[in-house]
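Participant: As input, take work31.txt (compact mmCIF, C-alpha atoms):
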# COMPACT_ATOMS: atom_id res chain seq x y z
CA MET A 1 15.82 -43.96 0.38
CA LEU A 2 17.22 -41.35 -1.97
CA ALA A 3 20.68 -40.02 -1.29
CA GLN A 4 21.08 -36.25 -1.35
CA ARG A 5 23.85 -34.54 -3.24
CA PRO A 6 26.74 -33.50 -1.07
CA GLY A 7 26.12 -29.95 0.13
CA ALA A 8 22.40 -29.94 -0.78
CA ALA A 9 21.35 -29.47 2.84
CA ALA A 10 23.80 -26.60 3.28
CA GLN A 11 22.56 -24.97 0.09
CA ALA A 12 18.92 -25.31 1.24
CA ALA A 13 19.81 -23.80 4.62
CA SER A 14 21.62 -20.92 2.91
CA THR A 15 18.64 -20.29 0.61
CA ASN A 16 16.26 -20.34 3.58
CA ALA A 17 18.48 -17.92 5.51
CA GLN A 18 18.58 -15.56 2.52
CA HIS A 19 14.78 -15.74 2.21
CA LEU A 20 14.38 -14.83 5.89
CA ALA A 21 16.85 -11.96 5.51
CA ASN A 22 14.88 -10.69 2.50
CA LEU A 23 11.66 -10.83 4.55
CA VAL A 24 13.26 -8.67 7.22
CA TRP A 25 14.27 -6.07 4.61
CA LEU A 26 10.83 -6.24 2.97
CA ARG A 27 9.15 -5.61 6.32
CA ARG A 28 11.42 -2.59 6.83
CA VAL A 29 10.46 -1.28 3.39
CA ARG A 30 6.76 -1.76 4.15
CA ASP A 31 7.15 -0.05 7.53
CA ARG A 32 8.97 2.84 5.86
CA ILE A 33 6.16 3.21 3.32
CA ASP A 34 3.58 3.19 6.12
CA ARG A 35 5.55 5.78 8.08
CA GLU A 36 6.70 8.08 5.24
CA PHE A 37 3.86 7.77 2.71
CA ALA A 38 3.51 11.56 2.45
CA LEU A 39 7.17 12.02 1.49
CA PRO A 40 8.43 11.67 -2.08
CA LEU A 41 9.28 7.95 -2.19
CA ASP A 42 10.24 5.95 -5.23
CA VAL A 43 11.06 2.28 -5.69
CA GLU A 44 14.74 2.99 -6.40
CA ALA A 45 15.18 4.80 -3.07
CA LEU A 46 13.32 2.05 -1.21
CA ALA A 47 15.47 -0.58 -2.94
CA ARG A 48 18.70 1.20 -1.98
CA GLY A 49 17.56 1.20 1.64
CA ALA A 50 16.89 -2.56 1.41
CA HIS A 51 20.22 -3.28 -0.36
CA MET A 52 18.40 -4.71 -3.40
CA SER A 53 17.89 -3.69 -6.98
CA ALA A 54 14.57 -2.02 -7.77
CA GLY A 55 13.45 -5.00 -9.87
CA HIS A 56 14.35 -7.53 -7.19
CA LEU A 57 12.59 -5.46 -4.51
CA SER A 58 9.44 -5.22 -6.64
CA ARG A 59 9.37 -8.98 -7.32
CA GLU A 60 10.06 -9.97 -3.71
CA PHE A 61 7.64 -7.38 -2.28
CA LYS A 62 4.87 -8.59 -4.58
CA LEU A 63 5.52 -12.22 -3.57
CA ALA A 64 5.42 -11.30 0.12
CA TYR A 65 2.56 -8.78 0.17
CA GLY A 66 0.56 -9.38 -3.00
CA GLU A 67 1.30 -6.08 -4.72
CA PRO A 68 4.40 -4.17 -5.82
CA PRO A 69 5.81 -1.47 -3.51
CA TYR A 70 4.53 1.44 -5.62
CA SER A 71 0.98 0.07 -5.56
CA TYR A 72 1.24 -0.46 -1.81
CA LEU A 73 2.43 3.15 -1.41
CA MET A 74 -0.45 4.49 -3.48
CA THR A 75 -2.95 2.38 -1.51
CA ARG A 76 -1.62 3.86 1.75
CA ARG A 77 -1.88 7.36 0.28
CA ILE A 78 -5.44 6.78 -0.89
CA GLU A 79 -6.42 5.35 2.51
CA ARG A 80 -5.12 8.49 4.21
CA ALA A 81 -6.80 10.69 1.61
CA MET A 82 -10.11 8.95 2.30
CA ALA A 83 -9.76 9.72 6.01
CA LEU A 84 -8.94 13.38 5.30
CA LEU A 85 -11.83 13.70 2.86
CA ARG A 86 -14.23 12.22 5.44
CA LEU A 87 -13.25 15.05 7.79
CA GLY A 88 -14.37 17.48 5.08
CA ASP A 89 -12.26 20.46 6.16
CA ARG A 90 -9.78 20.38 3.22
CA SER A 91 -10.10 20.74 -0.52
CA VAL A 92 -9.26 17.83 -2.78
CA THR A 93 -6.07 19.65 -3.86
CA GLU A 94 -4.98 20.13 -0.24
CA VAL A 95 -5.63 16.44 0.49
CA CYS A 96 -3.70 15.44 -2.64
CA LEU A 97 -0.64 17.39 -1.50
CA ALA A 98 -1.00 16.29 2.15
CA VAL A 99 -0.74 12.60 1.23
CA GLY A 100 2.37 13.06 -0.92
CA CYS A 101 0.95 13.22 -4.43
CA SER A 102 2.30 16.00 -6.61
CA SER A 103 -0.20 15.69 -9.47
CA LEU A 104 -3.91 16.25 -8.85
CA GLY A 105 -4.73 14.41 -12.08
CA THR A 106 -2.77 11.30 -11.14
CA PHE A 107 -4.19 11.41 -7.61
CA SER A 108 -7.77 11.67 -8.88
CA THR A 109 -7.24 8.85 -11.38
CA ARG A 110 -5.74 6.50 -8.76
CA PHE A 111 -8.38 7.47 -6.20
CA THR A 112 -11.18 6.72 -8.66
CA GLU A 113 -9.50 3.45 -9.67
CA LEU A 114 -9.22 2.23 -6.07
CA VAL A 115 -12.35 3.69 -4.48
CA GLY A 116 -14.76 3.64 -7.42
CA MET A 117 -15.63 7.34 -7.34
CA SER A 118 -13.83 10.65 -7.65
CA PRO A 119 -12.35 12.32 -4.56
CA SER A 120 -14.92 15.13 -4.66
CA ALA A 121 -17.80 12.63 -5.00
CA TYR A 122 -16.37 10.66 -2.07
CA ARG A 123 -16.16 13.81 0.05
CA ARG A 124 -19.78 14.73 -0.80
CA GLN A 125 -20.95 11.21 0.04
CA ALA A 126 -18.98 11.16 3.31
CA ARG A 127 -20.50 14.51 4.31
CA LEU A 128 -24.03 13.14 3.82
CA ALA A 129 -23.39 9.83 5.62
CA PRO A 130 -24.07 9.74 9.35
CA ALA A 131 -21.06 9.26 11.60
CA ALA A 132 -22.60 6.16 13.17
CA LEU A 133 -19.50 3.98 12.83
CA PRO A 134 -16.51 4.27 15.13
CA PRO A 135 -13.39 5.43 13.24
CA CYS A 136 -11.65 2.04 13.59
CA ILE A 137 -14.62 0.28 11.93
CA ALA A 138 -15.07 3.01 9.31
CA ARG A 139 -11.41 2.64 8.32
CA GLN A 140 -11.81 -1.11 7.79
CA VAL A 141 -15.09 -0.82 5.89
CA THR A 142 -13.89 2.00 3.64
CA ARG A 143 -10.45 0.53 2.89
CA PRO A 144 -9.69 0.97 -0.83
CA VAL A 145 -9.93 -2.16 -2.92
CA ARG A 146 -8.28 -2.68 -6.29
CA ASN A 147 -10.75 -3.33 -9.10
CA ARG A 148 -9.64 -6.93 -9.58
CA GLU A 149 -10.21 -7.59 -5.87
CA ALA A 150 -13.61 -5.93 -5.60
CA PRO A 151 -15.73 -9.01 -6.54
CA ALA A 152 -13.92 -11.22 -4.01
CA ARG A 153 -14.30 -8.64 -1.25
CA ALA A 154 -17.98 -8.06 -2.07
CA ALA A 155 -18.58 -11.79 -1.72
CA LEU A 156 -16.90 -11.80 1.70
CA LEU A 157 -18.95 -8.84 2.95
CA SER A 158 -22.31 -10.22 1.82
How does this structure look as structure tokens?
Facilitator:
Amino acid sequence: MLAQRPGAAAQAASTNAQHLANLVWLRRVRDRIDREFALPLDVEALARGAHMSAGHLSREFKLAYGEPPYSYLMTRRIERAMALLRLGDRSVTEVCLAVGCSSLGTFSTRFTELVGMSPSAYRRQARLAPAALPPCIARQVTRPVRNREAPARAALLS
């Protein structure tokens, strides 16, 4: 049997405790993004709230949730924009501002990147589609997918 270095168990316990503490802060950051997506949020402000540097928050958030905090924020914004566009009672500019984006160009680019079509094309398509799906199912089916994830998701749905 191999002998452990003195203090190795204590160091492992300390590392595990720090990891769990980080997960608590990361969950708080994710909850804040989900709750305040329409407000002007940036990674530095989120990191200050989590008592981490912006770089450390980004690395840890990506390890825990698969994408950096800014990408997660933009995905939440695009999801909400998709829901507002399906309602069809607002212009694309109004939707852009309602979800917390300040630049229509950046919003349209990110929307097209995640959804695969422009916001106005999505609104036209949603207007033509019958409302046969309950909102909870429609939200799951129409969830934005990053381009690199699209082939894997298509395989799961087929």
Participant: Would you be able to write out as a PDB file with C-alpha atoms, keeping the file's coordinate frame which residues have an atom within 12 Å of (5.1, 7.7, 5.5) in the file's coordinates, counting only C-alpha atoms?
Facilitator:
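And here's result02.pdb as it stands now:
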ATOM      1  CA  VAL A  29      10.460  -1.280   3.390  1.00  0.00           C
ATOM      2  CA  ARG A  30       6.760  -1.760   4.150  1.00  0.00           C
ATOM      3  CA  ASP A  31       7.150  -0.050   7.530  1.00  0.00           C
ATOM      4  CA  ARG A  32       8.970   2.840   5.860  1.00  0.00           C
ATOM      5  CA  ILE A  33       6.160   3.210   3.320  1.00  0.00           C
ATOM      6  CA  ASP A  34       3.580   3.190   6.120  1.00  0.00           C
ATOM      7  CA  ARG A  35       5.550   5.780   8.080  1.00  0.00           C
ATOM      8  CA  GLU A  36       6.700   8.080   5.240  1.00  0.00           C
ATOM      9  CA  PHE A  37       3.860   7.770   2.710  1.00  0.00           C
ATOM     10  CA  ALA A  38       3.510  11.560   2.450  1.00  0.00           C
ATOM     11  CA  LEU A  39       7.170  12.020   1.490  1.00  0.00           C
ATOM     12  CA  PRO A  40       8.430  11.670  -2.080  1.00  0.00           C
ATOM     13  CA  LEU A  41       9.280   7.950  -2.190  1.00  0.00           C
ATOM     14  CA  TYR A  72       1.240  -0.460  -1.810  1.00  0.00           C
ATOM     15  CA  LEU A  73       2.430   3.150  -1.410  1.00  0.00           C
ATOM     16  CA  MET A  74      -0.450   4.490  -3.480  1.00  0.00           C
ATOM     17  CA  THR A  75      -2.950   2.380  -1.510  1.00  0.00           C
ATOM     18  CA  ARG A  76      -1.620   3.860   1.750  1.00  0.00           C
ATOM     19  CA  ARG A  77      -1.880   7.360   0.280  1.00  0.00           C
ATOM     20  CA  ARG A  80      -5.120   8.490   4.210  1.00  0.00           C
ATOM     21  CA  ALA A  98      -1.000  16.290   2.150  1.00  0.00           C
ATOM     22  CA  VAL A  99      -0.740  12.600   1.230  1.00  0.00           C
ATOM     23  CA  GLY A 100       2.370  13.060  -0.920  1.00  0.00           C
TER      24      GLY A 100
END
Participant: I need the residue nearest Pro144 in chain A from this list: A:Leu104, A:Met82, A:Arg48, A:Ala121. Use all atoms listed in the file for the distance.
Facilitator: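 So, comparing all the options, the nearest one is A:Met82.
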Participant: For Val92 in chain A, please output as a PDB file with C-alpha atoms, in the coordinates of the input all residues within 12 Å (counting all atoms listed in the file; exclusion window: fewer than 3 positions along the same chain).
Facilitator:
ATOM      1  CA  ILE A  78      -5.440   6.780  -0.890  1.00  0.00           C
ATOM      2  CA  ALA A  81      -6.800  10.690   1.610  1.00  0.00           C
ATOM      3  CA  MET A  82     -10.110   8.950   2.300  1.00  0.00           C
ATOM      4  CA  ALA A  83      -9.760   9.720   6.010  1.00  0.00           C
ATOM      5  CA  LEU A  84      -8.940  13.380   5.300  1.00  0.00           C
ATOM      6  CA  LEU A  85     -11.830  13.700   2.860  1.00  0.00           C
ATOM      7  CA  ARG A  86     -14.230  12.220   5.440  1.00  0.00           C
ATOM      8  CA  LEU A  87     -13.250  15.050   7.790  1.00  0.00           C
ATOM      9  CA  GLY A  88     -14.370  17.480   5.080  1.00  0.00           C
ATOM     10  CA  ASP A  89     -12.260  20.460   6.160  1.00  0.00           C
ATOM     11  CA  VAL A  95      -5.630  16.440   0.490  1.00  0.00           C
ATOM     12  CA  CYS A  96      -3.700  15.440  -2.640  1.00  0.00           C
ATOM     13  CA  LEU A  97      -0.640  17.390  -1.500  1.00  0.00           C
ATOM     14  CA  ALA A  98      -1.000  16.290   2.150  1.00  0.00           C
ATOM     15  CA  VAL A  99      -0.740  12.600   1.230  1.00  0.00           C
ATOM     16  CA  CYS A 101       0.950  13.220  -4.430  1.00  0.00           C
ATOM     17  CA  SER A 103      -0.200  15.690  -9.470  1.00  0.00           C
ATOM     18  CA  LEU A 104      -3.910  16.250  -8.850  1.00  0.00           C
ATOM     19  CA  GLY A 105      -4.730  14.410 -12.080  1.00  0.00           C
ATOM     20  CA  PHE A 107      -4.190  11.410  -7.610  1.00  0.00           C
ATOM     21  CA  SER A 108      -7.770  11.670  -8.880  1.00  0.00           C
ATOM     22  CA  PHE A 111      -8.380   7.470  -6.200  1.00  0.00           C
ATOM     23  CA  SER A 118     -13.830  10.650  -7.650  1.00  0.00           C
ATOM     24  CA  PRO A 119     -12.350  12.320  -4.560  1.00  0.00           C
ATOM     25  CA  SER A 120     -14.920  15.130  -4.660  1.00  0.00           C
ATOM     26  CA  ALA A 121     -17.800  12.630  -5.000  1.00  0.00           C
ATOM     27  CA  TYR A 122     -16.370  10.660  -2.070  1.00  0.00           C
ATOM     28  CA  ARG A 123     -16.160  13.810   0.050  1.00  0.00           C
ATOM     29  CA  ARG A 124     -19.780  14.730  -0.800  1.00  0.00           C
TER      30      ARG A 124
END
Participant: Expressed in Å to a single decimal, how great is the separation between CA of Arg110 in chain A and CA of Thr93 in chain A?
Facilitator: 14.0 Å
Participant: Could you please determine the separation between CA of Leu114 in chain A and CA of Tyr70 in chain A in Å, to one decimal place?
Facilitator: 13.8 Å
Participant: Skipping near chain neighbours, those fewer than 4 positions away, what residues fall within 10 Å of range 61-63 of chain A using only C-alpha atoms, listed as a ChimeraX atom specification?
Facilitator: /A:22-23,25-27,29-30,55-57,67-72
Participant: With only C-alpha atoms as the atoms that count, which of A:Glu44, A:Gly116, A:Ala64, A:Glu79 lies nearest to Val24 in chain A?
Facilitator: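 Nearest to Val24 in chain A: A:Ala64.
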Participant: Any idea what the distance is between CA of Tyr65 in chain A and CA of Pro134 in chain A?
Facilitator: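 Distance between the two atoms: 27.5 Å.
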Participant: Using all atoms listed in the file, can you tell me which of A:Ala126, A:Arg28, A:Glu60, A:Gly66 comes closest to Leu46 in chain A?
Facilitator: A:Arg28
